[in-house]
Every structure is written in structure tokens, then in C-alpha cells.
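See below for the structure under consideration.
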Amino acid sequence: MTRLARATATASTLGLVAALAACGGTGSASDGDVLTVYSAQHESLVRTMLADFTEETGIELEFRDANDSELANQIVQEGDASPADVFLTENSPSIDVVDSEGLLAPLDQETLDQVGEAYRPSSGTWVGFAARSTVLIYNPAEIGEDELPASMLDLAAPAWEGRVGIAAGGADFQAIVSAVLALEGEDATREWLTGLERNAEVYASNTAIMKAVDEGEIPVGITYHYYWFRDQAQNGLIGDDARLHFFGNQDPGAFLSVSGAGVLASSDQQEEAQQLVAFLTSPAAQRRLAESSALEYAVGVGVPSAEELPPLDGLDAPDVDPGSLNAPEVTRLMQDVGLL
Ligand SMILES: [Fe+2]
């Protein structure tokens with residue numbers, strides 16, 4: 001090799017390394033030691049559950065954190081060229097988006113079997129690793145317990161005008177809408193959303209809803225259980241005047257939203273990626289979730305959740321296949337009625 005040829009070869013090798021680094025994948029095709037994880041779940045929860053993974057397996061993890069729809073759209077756009085090996089979502093509609101494009105590899109049966117059947121899709125292409133219950137947060141000084149709605153769908157009635165908080169732009173609320181759609185169909189969902197568009201005060205986040213209810217700005221809000229439980233555990237500064245109402249009765253308002261984990265079919269590290277999802281759903285990682293300050297529900301078979309939470313099997317959640325949720329249709333309906 002001439003000196004010029006060697007210099008050119010070095011430069012192009014460096015160029016390749018820089019390109020890989022730029023797209024977030026530090027591992028080259030032959031390097032099995034780094035997995036790229038696209039993660040939309042709360043960072044602290046994911047890091048806590050995977051704390052021992054690198055030590056136990058020797059596999060390093062590189063995270064790209066963003067919200068559910070951003071990462072799902074990114075993976076769909078990247079297609080087979082995606083640097084992602086594993087996709088972790090906060091709610092399941094976004095992993096269904098990736099799944100419906102055929103971008104997920106089937107998971108090992110032993111991994112699926114680690115998680116209760118209600119918390120994974122019938123397809124077996126991804127698996128739940130945490131669950132969150134829909135709740136109505138309310139302020140007892142503003143509304144009596146006997147005035148609370150029997151169903152979340154009642155909040156579309158004229159009596160609730162200006163009295164209910166939602167975080168319409170967030171993946172959490174949109175997952176709840178996707179459950180209403182799966183359970184009640186398009187016409188009923190459109191009707192419910194139309195009522196909410198008139199009735200609801202729209203907030204930027206679940207925490208903002210909790211604060212507004214706590215301060216008596218609105219009497220009730222739709223949210224997930226763990227925001228309030230986390231706040232209580234941290235000393236109840238925001239939500240100490242608020243209470244939670246669990247709808248139960250298989251009401252759409254008792255929907256359990258599942259956080260999903262899947263392996264990208266395009267990953268050239270299938271074995272390591274499967275290992276990561278197996279680890280996340282293992283009894284050890286599920287126990288770590290249950291013992292953490294996240295206060296989301298563990299979904300591992302035989303693993304009890306944090307004891308301050310009402311037991312998962314007593315919530316009487318509606319029967320929804322978490323693989324059947326339709327995020328694009330929810331976006332379209334919410335845009336139609338003016339909620340997005
Ligand atoms: Fe959240």
C-alpha cells in the first residue's frame with residue numbers, strides 16, 4: 001500500500017467510525033458488546049430495572065431517550081437501517097405502530113412466559129414489562145365522592161364542562177383513548193372525545209393535572225395512578241389534597257396501560273437483544289421495579305407489586321389486547337374533534 005493509499009484508507013475508516021457514532025450506534029456489525037436501546041419509558045425506571053445487566057452479561061447499553069411517538073416514528077422512518085436493537089415504550093400503542101410495519105422479531109417463548117398473559121399481545125412480537133392504571137384524580141374539597149362518575153365515559157356529559165383535566169398531547173392520555181376505541185368502537189369514541197373537547201381543560205403533563213386538582217383549579221382529572229403514589233412517597237407536596245378514584249367494573253377508565261419491550265428484526269445482535277428483553281421481564285428485574293420509587297405495576301408472573309398500591313388483580317380492568325391499540329386512528333379522531 002502506498003502512503004497515499006494508506007492515508008485514504010485510514011481516513012475512510014475514521015469516516016465510518018464517525019458516521020456510526022453520529023447515528024448513535026457505537027457498536028459495529030461485528031461488535032456484539034453494545035446494544036442500542038430506544039427508550040420512551042421513564043429514564044429512572046428503565047435504568048433501575050437494568051442496573052445489573054451490563055455487569056451480568058458484559059453487554060453495554062446505549063440509550064436514546066425520547067417519547068413514545070417520536071421513537072416509533074423514527075424507527076419506522078429508519079426501517080431496516082435503524083440502529084435500534086431494542087425498543088422500550090411507555091405505552092403500547094407506539095410499539096404496535098412498529099409491530100404493524102413488521103419491524104419486530106418474535107420473542108423467545110421463555111421470555112413471553114415470564115409475563116402474565118394480560119400484559120402482552122397475542123402476537124408474541126413484544127412483551128409488557130410494567131403496567132399503569134388509569135385513574136380519576138379528584139379533590140375532595142371540590143367534589144363529593146358520591147358525585148364522582150361511575151364511568152370515565154360520563155365525563156363527556158354537559159355537567160362536566162370546564163371541570164375535568166386531561167393531558168391531550170401526551171402518549172399516556174392517547175393510550176387511554178386507544179383503549180376506549182378498542183372497547184367502544186369509533187362512533188362512541190368520537191362522541192366521547194367531542195364531549196371532552198368541550199368539557200376539558202388541557203394540561204401539558206400528568207403532573208400539571210395533579211397540581212391543578214390539588215389546588216382546586218379543577219375538581220377531577222384523568223391520569224395514571226403512579227404520579228400520585230410517587231408524589232405521596234416523596235412527601236405529598238403537590239398531591240396531598242388530592243385522592244384517586246379507581247373506576248373498576250371493567251370500565252374503559254380502569255384501562256391498564258402496558259409498557260412494551262421488543263427486539264428489532266433488523267438488529268444484527270438478535271441474541272443479545274433477546275437477552276435484554278428476557279432480563280427486563282425476569283423475576284429479578286420485576287422485583288426491582290416493585291421495590292423502586294417508580295410505583296408502576298410489575299407484570300412478572302408471581303412478582304407482587306409495591307405494597308402501597310391496590311393489588312393489580314383487584315383493579316377489574318377491561319379486557320384489551322395490548323397488541324390491538326391503534327395510535328394513528330386515535331390521532332386522527334383527536335384531530336377531527338379539535339383536541340390535537
Ligand atoms: Fe409517565
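Identifiers in this document derive from the order of the C-alpha cells: chains are assigned A, B, ..., residues are numbered from 1 separately in each chain, and ligands are numbered from 1 in order of occurrence.
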
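Identified as lying at most 10 Å from ligand 1 when counting only C-alpha atoms and all ligand atoms are the residues A:Ala40, A:Gln41, A:His42, A:Asn67, A:Glu90, A:Asn91, A:Arg132, A:Gly170, A:Ala171, A:Asp172, A:Phe173, A:Ser205, A:Asn206, A:Thr207, A:Thr223, A:Tyr224, A:His225, A:Tyr226, A:Tyr227, A:Ala294, A:Glu296.
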
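In the backbone-derived DSSP annotation, strand (DSSP E or B) within stretch 200-339 of chain A comprises Ala200, Glu201, Val202, Val220, Gly221, Ile222, Thr223, Tyr224, Arg243, Leu244, His245, Leu256, Ser257, Val258, Ser259, Gly260, Ala261, Gly262, Val263, Leu264, Tyr297 and Gly300 of chain A.
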
For N, CA, C and O atoms, I'd like the residues from the last selection saved as a short mmCIF file (atom, residue, chain, number, x, y, z; two decimals), in the first residue's frame.
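Result saved to again34.cif:
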```cif
data_model
loop_
_atom_site.label_atom_id
_atom_site.label_comp_id
_atom_site.auth_asym_id
_atom_site.auth_seq_id
_atom_site.Cartn_x
_atom_site.Cartn_y
_atom_site.Cartn_z
N ALA A 200 -63.10 19.68 28.71
CA ALA A 200 -61.80 19.53 29.37
C ALA A 200 -60.93 20.78 29.34
O ALA A 200 -60.93 21.55 28.39
N GLU A 201 -60.18 20.93 30.43
CA GLU A 201 -59.06 21.86 30.46
C GLU A 201 -57.84 21.02 30.07
O GLU A 201 -57.61 19.97 30.66
N VAL A 202 -57.07 21.48 29.09
CA VAL A 202 -55.95 20.69 28.62
C VAL A 202 -54.66 21.14 29.29
O VAL A 202 -54.34 22.34 29.30
N VAL A 220 -61.58 17.33 38.94
CA VAL A 220 -61.11 15.98 38.59
C VAL A 220 -60.18 16.03 37.37
O VAL A 220 -60.20 16.98 36.58
N GLY A 221 -59.38 14.98 37.22
CA GLY A 221 -58.53 14.85 36.04
C GLY A 221 -58.27 13.39 35.72
O GLY A 221 -58.33 12.53 36.61
N ILE A 222 -58.02 13.11 34.45
CA ILE A 222 -57.71 11.73 34.03
C ILE A 222 -56.19 11.58 33.98
O ILE A 222 -55.49 12.38 33.35
N THR A 223 -55.68 10.54 34.66
CA THR A 223 -54.23 10.37 34.73
C THR A 223 -53.90 8.91 35.01
O THR A 223 -54.79 8.06 34.95
N TYR A 224 -52.64 8.62 35.25
CA TYR A 224 -52.25 7.28 35.70
C TYR A 224 -51.96 7.31 37.20
O TYR A 224 -51.55 8.34 37.75
N ARG A 243 -57.13 12.90 45.85
CA ARG A 243 -57.35 11.47 46.06
C ARG A 243 -57.48 10.80 44.71
O ARG A 243 -57.72 11.46 43.71
N LEU A 244 -57.37 9.46 44.73
CA LEU A 244 -57.55 8.72 43.48
C LEU A 244 -58.85 7.93 43.51
O LEU A 244 -59.18 7.30 44.51
N HIS A 245 -59.55 7.94 42.38
CA HIS A 245 -60.74 7.11 42.20
C HIS A 245 -60.42 6.08 41.12
O HIS A 245 -60.08 6.44 39.99
N LEU A 256 -55.64 -0.69 31.91
CA LEU A 256 -54.24 -0.83 32.32
C LEU A 256 -53.37 -0.65 31.10
O LEU A 256 -53.46 -1.42 30.15
N SER A 257 -52.52 0.36 31.13
CA SER A 257 -51.63 0.60 30.00
C SER A 257 -50.31 -0.14 30.23
O SER A 257 -49.72 -0.05 31.30
N VAL A 258 -49.90 -0.88 29.22
CA VAL A 258 -48.73 -1.75 29.34
C VAL A 258 -47.53 -1.09 28.66
O VAL A 258 -47.63 -0.59 27.55
N SER A 259 -46.39 -1.09 29.34
CA SER A 259 -45.14 -0.65 28.72
C SER A 259 -44.54 -1.84 27.98
O SER A 259 -44.45 -2.94 28.54
N GLY A 260 -44.14 -1.63 26.71
CA GLY A 260 -43.74 -2.76 25.88
C GLY A 260 -42.24 -2.80 25.58
O GLY A 260 -41.58 -1.77 25.52
N ALA A 261 -41.74 -4.03 25.40
CA ALA A 261 -40.34 -4.24 25.01
C ALA A 261 -40.30 -5.16 23.80
O ALA A 261 -40.95 -6.21 23.80
N GLY A 262 -39.56 -4.77 22.78
CA GLY A 262 -39.45 -5.60 21.58
C GLY A 262 -38.06 -5.55 21.00
O GLY A 262 -37.28 -4.64 21.26
N VAL A 263 -37.74 -6.57 20.20
CA VAL A 263 -36.44 -6.67 19.51
C VAL A 263 -36.68 -6.30 18.05
O VAL A 263 -37.60 -6.83 17.41
N LEU A 264 -35.85 -5.41 17.52
CA LEU A 264 -35.99 -5.02 16.13
C LEU A 264 -35.50 -6.16 15.22
O LEU A 264 -34.42 -6.71 15.43
N TYR A 297 -46.82 -0.84 38.15
CA TYR A 297 -47.07 -2.23 38.48
C TYR A 297 -46.06 -3.16 37.82
O TYR A 297 -45.72 -2.97 36.64
N GLY A 300 -44.41 -9.33 36.01
CA GLY A 300 -43.79 -10.65 36.01
C GLY A 300 -44.67 -11.64 36.76
O GLY A 300 -45.26 -11.30 37.80
#
```

From the list A:Pro310, A:Gly102, A:Gly302, A:Pro158, the nearest residue to A:Gly79 using only C-alpha atoms is A:Gly102

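Restricting the calculation to only C-alpha atoms, the smallest distance between A:Leu104 and any of A:Asp33, A:Ala298, A:Leu45, A:Gln274 is found for A:Gln274.
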
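Using only C-alpha atoms, the contacts of A:Asp241 at a cut-off of 8 Å, with sequence neighbours closer than 3 positions omitted, comprise A:Asn139, A:Pro140, A:Asp214, A:Glu215, A:Ile238.
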
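Using only C-alpha atoms, the nearest neighbour of A:Gly195 within the list A:Met334, A:Ala208, A:Ala157, A:Ala285 is A:Ala157.
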
Using only C-alpha atoms, which protein or nucleic acid residues come within 10 Å of A:Thr189? Drop anything in the same chain fewer than 5 positions from it, and give the result as a PyMOL selection string.
chain A and resi 153+177-184+194-195+330+333-334

How would the residues just chosen look if you wrote them out with all heavy atoms as a short mmCIF file (atom, residue, chain, number, x, y, z; two decimals), in the first residue's frame?
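Output (result.cif):
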```
data_model
loop_
_atom_site.label_atom_id
_atom_site.label_comp_id
_atom_site.auth_asym_id
_atom_site.auth_seq_id
_atom_site.Cartn_x
_atom_site.Cartn_y
_atom_site.Cartn_z
N LEU A 153 -66.48 7.42 30.74
CA LEU A 153 -67.20 7.93 29.57
C LEU A 153 -68.20 9.02 29.95
O LEU A 153 -68.56 9.87 29.15
CB LEU A 153 -67.90 6.79 28.82
CG LEU A 153 -66.97 5.67 28.32
CD1 LEU A 153 -67.76 4.60 27.58
CD2 LEU A 153 -65.85 6.21 27.43
N VAL A 177 -57.24 6.77 25.27
CA VAL A 177 -58.19 6.92 24.15
C VAL A 177 -58.16 5.67 23.26
O VAL A 177 -59.21 5.19 22.80
CB VAL A 177 -57.88 8.18 23.32
CG1 VAL A 177 -58.85 8.30 22.14
CG2 VAL A 177 -57.94 9.44 24.18
N SER A 178 -56.98 5.10 23.05
CA SER A 178 -56.89 3.91 22.20
C SER A 178 -57.64 2.74 22.83
O SER A 178 -58.21 1.90 22.12
CB SER A 178 -55.43 3.55 21.91
OG SER A 178 -54.83 2.94 23.04
N ALA A 179 -57.67 2.70 24.16
CA ALA A 179 -58.44 1.64 24.83
C ALA A 179 -59.94 1.88 24.66
O ALA A 179 -60.70 0.94 24.43
CB ALA A 179 -58.07 1.60 26.31
N VAL A 180 -60.36 3.14 24.77
CA VAL A 180 -61.78 3.46 24.54
C VAL A 180 -62.17 3.03 23.12
O VAL A 180 -63.22 2.41 22.90
CB VAL A 180 -62.05 4.98 24.74
CG1 VAL A 180 -63.49 5.33 24.37
CG2 VAL A 180 -61.77 5.39 26.20
N LEU A 181 -61.29 3.32 22.16
CA LEU A 181 -61.55 2.94 20.77
C LEU A 181 -61.67 1.43 20.62
O LEU A 181 -62.57 0.92 19.95
CB LEU A 181 -60.43 3.49 19.89
CG LEU A 181 -60.52 3.23 18.39
CD1 LEU A 181 -61.79 3.84 17.79
CD2 LEU A 181 -59.28 3.78 17.66
N ALA A 182 -60.75 0.69 21.26
CA ALA A 182 -60.76 -0.77 21.15
C ALA A 182 -62.02 -1.36 21.80
O ALA A 182 -62.58 -2.34 21.33
CB ALA A 182 -59.51 -1.36 21.80
N LEU A 183 -62.47 -0.73 22.89
CA LEU A 183 -63.59 -1.28 23.65
C LEU A 183 -64.96 -0.82 23.14
O LEU A 183 -65.92 -1.58 23.17
CB LEU A 183 -63.47 -0.88 25.13
CG LEU A 183 -62.33 -1.54 25.90
CD1 LEU A 183 -62.03 -0.75 27.18
CD2 LEU A 183 -62.68 -2.99 26.25
N GLU A 184 -65.03 0.43 22.69
CA GLU A 184 -66.33 1.03 22.40
C GLU A 184 -66.58 1.28 20.92
O GLU A 184 -67.70 1.60 20.53
CB GLU A 184 -66.48 2.37 23.16
CG GLU A 184 -66.22 2.28 24.66
CD GLU A 184 -67.32 1.51 25.39
OE1 GLU A 184 -68.49 1.63 25.01
OE2 GLU A 184 -66.98 0.76 26.34
N THR A 194 -65.64 14.34 21.56
CA THR A 194 -66.32 15.60 21.26
C THR A 194 -66.78 16.26 22.57
O THR A 194 -66.62 17.47 22.76
CB THR A 194 -67.53 15.34 20.33
OG1 THR A 194 -67.04 14.71 19.14
CG2 THR A 194 -68.22 16.63 19.96
N GLY A 195 -67.32 15.44 23.47
CA GLY A 195 -67.72 15.95 24.78
C GLY A 195 -66.52 16.46 25.57
O GLY A 195 -66.57 17.53 26.19
N VAL A 330 -56.29 7.03 16.65
CA VAL A 330 -56.54 7.92 17.79
C VAL A 330 -56.13 9.35 17.45
O VAL A 330 -56.85 10.31 17.71
CB VAL A 330 -55.77 7.41 19.04
CG1 VAL A 330 -55.69 8.48 20.12
CG2 VAL A 330 -56.46 6.16 19.59
N LEU A 333 -58.77 10.84 15.11
CA LEU A 333 -60.01 11.19 15.80
C LEU A 333 -59.83 12.43 16.67
O LEU A 333 -60.69 13.31 16.69
CB LEU A 333 -60.48 10.02 16.67
CG LEU A 333 -61.17 8.86 15.94
CD1 LEU A 333 -61.33 7.66 16.88
CD2 LEU A 333 -62.54 9.31 15.43
N MET A 334 -58.70 12.49 17.38
CA MET A 334 -58.46 13.64 18.27
C MET A 334 -58.28 14.93 17.46
O MET A 334 -58.72 16.00 17.86
CB MET A 334 -57.27 13.38 19.19
CG MET A 334 -57.59 12.31 20.26
SD MET A 334 -56.21 12.00 21.39
CE MET A 334 -56.18 13.56 22.33
#
```

ask   = Quick one: DSSP helix (DSSP H, G or I) residues in stretch 32-161 of chain A, as an MDAnalysis selection string?
value = chainID A and resid 43:49 53:57 68:81 92:100 109:112 117:119 145:147 152:156 158:160

Grab the residues selected above and save them as a CSV table (one decimal), in the first residue's frame with C-alpha atoms.
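Once written, result_27.csv looks like this:
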```
chain,number,residue,atom,x,y,z
A,43,GLU,CA,-35.4,7.0,32.4
A,44,SER,CA,-35.0,6.3,36.1
A,45,LEU,CA,-37.3,3.2,35.9
A,46,VAL,CA,-35.5,1.7,32.9
A,47,ARG,CA,-32.1,2.4,34.4
A,48,THR,CA,-33.1,0.9,37.7
A,49,MET,CA,-34.5,-2.3,36.2
A,53,PHE,CA,-27.5,-6.1,33.0
A,54,THR,CA,-24.0,-5.0,31.8
A,55,GLU,CA,-22.3,-6.5,34.8
A,56,GLU,CA,-24.1,-9.8,34.4
A,57,THR,CA,-23.8,-10.1,30.6
A,68,ASP,CA,-43.3,7.1,22.5
A,69,SER,CA,-44.4,8.6,19.2
A,70,GLU,CA,-41.1,10.3,18.4
A,71,LEU,CA,-39.2,7.0,18.7
A,72,ALA,CA,-41.9,4.9,17.0
A,73,ASN,CA,-41.9,7.3,14.1
A,74,GLN,CA,-38.1,7.3,14.0
A,75,ILE,CA,-37.9,3.5,13.8
A,76,VAL,CA,-40.5,3.3,11.1
A,77,GLN,CA,-38.6,6.0,9.1
A,78,GLU,CA,-35.3,4.3,9.6
A,79,GLY,CA,-36.7,0.9,8.6
A,80,ASP,CA,-34.2,-1.8,8.2
A,81,ALA,CA,-31.4,0.7,8.6
A,92,SER,CA,-48.2,0.0,24.0
A,93,PRO,CA,-49.8,1.9,21.1
A,94,SER,CA,-46.4,3.1,19.8
A,95,ILE,CA,-44.8,-0.4,19.9
A,96,ASP,CA,-47.9,-1.6,18.0
A,97,VAL,CA,-47.1,1.0,15.3
A,98,VAL,CA,-43.6,-0.5,14.9
A,99,ASP,CA,-45.1,-4.0,15.0
A,100,SER,CA,-47.7,-3.3,12.4
A,109,GLN,CA,-41.2,-18.2,24.4
A,110,GLU,CA,-39.4,-18.4,27.7
A,111,THR,CA,-39.4,-14.6,27.8
A,112,LEU,CA,-43.1,-14.3,27.0
A,117,GLU,CA,-50.9,-13.1,29.5
A,118,ALA,CA,-52.9,-10.0,30.0
A,119,TYR,CA,-49.8,-7.9,29.8
A,145,GLU,CA,-67.3,11.0,46.5
A,146,ASP,CA,-70.9,10.4,45.6
A,147,GLU,CA,-70.7,12.9,42.7
A,152,MET,CA,-64.9,7.6,32.6
A,153,LEU,CA,-67.2,7.9,29.6
A,154,ASP,CA,-69.6,10.0,31.7
A,155,LEU,CA,-67.1,12.9,31.7
A,156,ALA,CA,-68.4,13.8,28.2
A,158,PRO,CA,-72.6,18.6,29.7
A,159,ALA,CA,-72.4,18.6,33.5
A,160,TRP,CA,-68.6,18.3,33.4
```

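Each of A:Pro149, A:Ala306, A:Ala130, A:Ala175 was checked against A:Ala327 using only C-alpha atoms; the smallest atom-to-atom distance is that of A:Ala175.
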
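Compared by their closest atoms to A:Phe229, and using only C-alpha atoms, the residues A:Thr281, A:Asn249, A:Ser293, A:Thr89 rank with A:Ser293 nearest.
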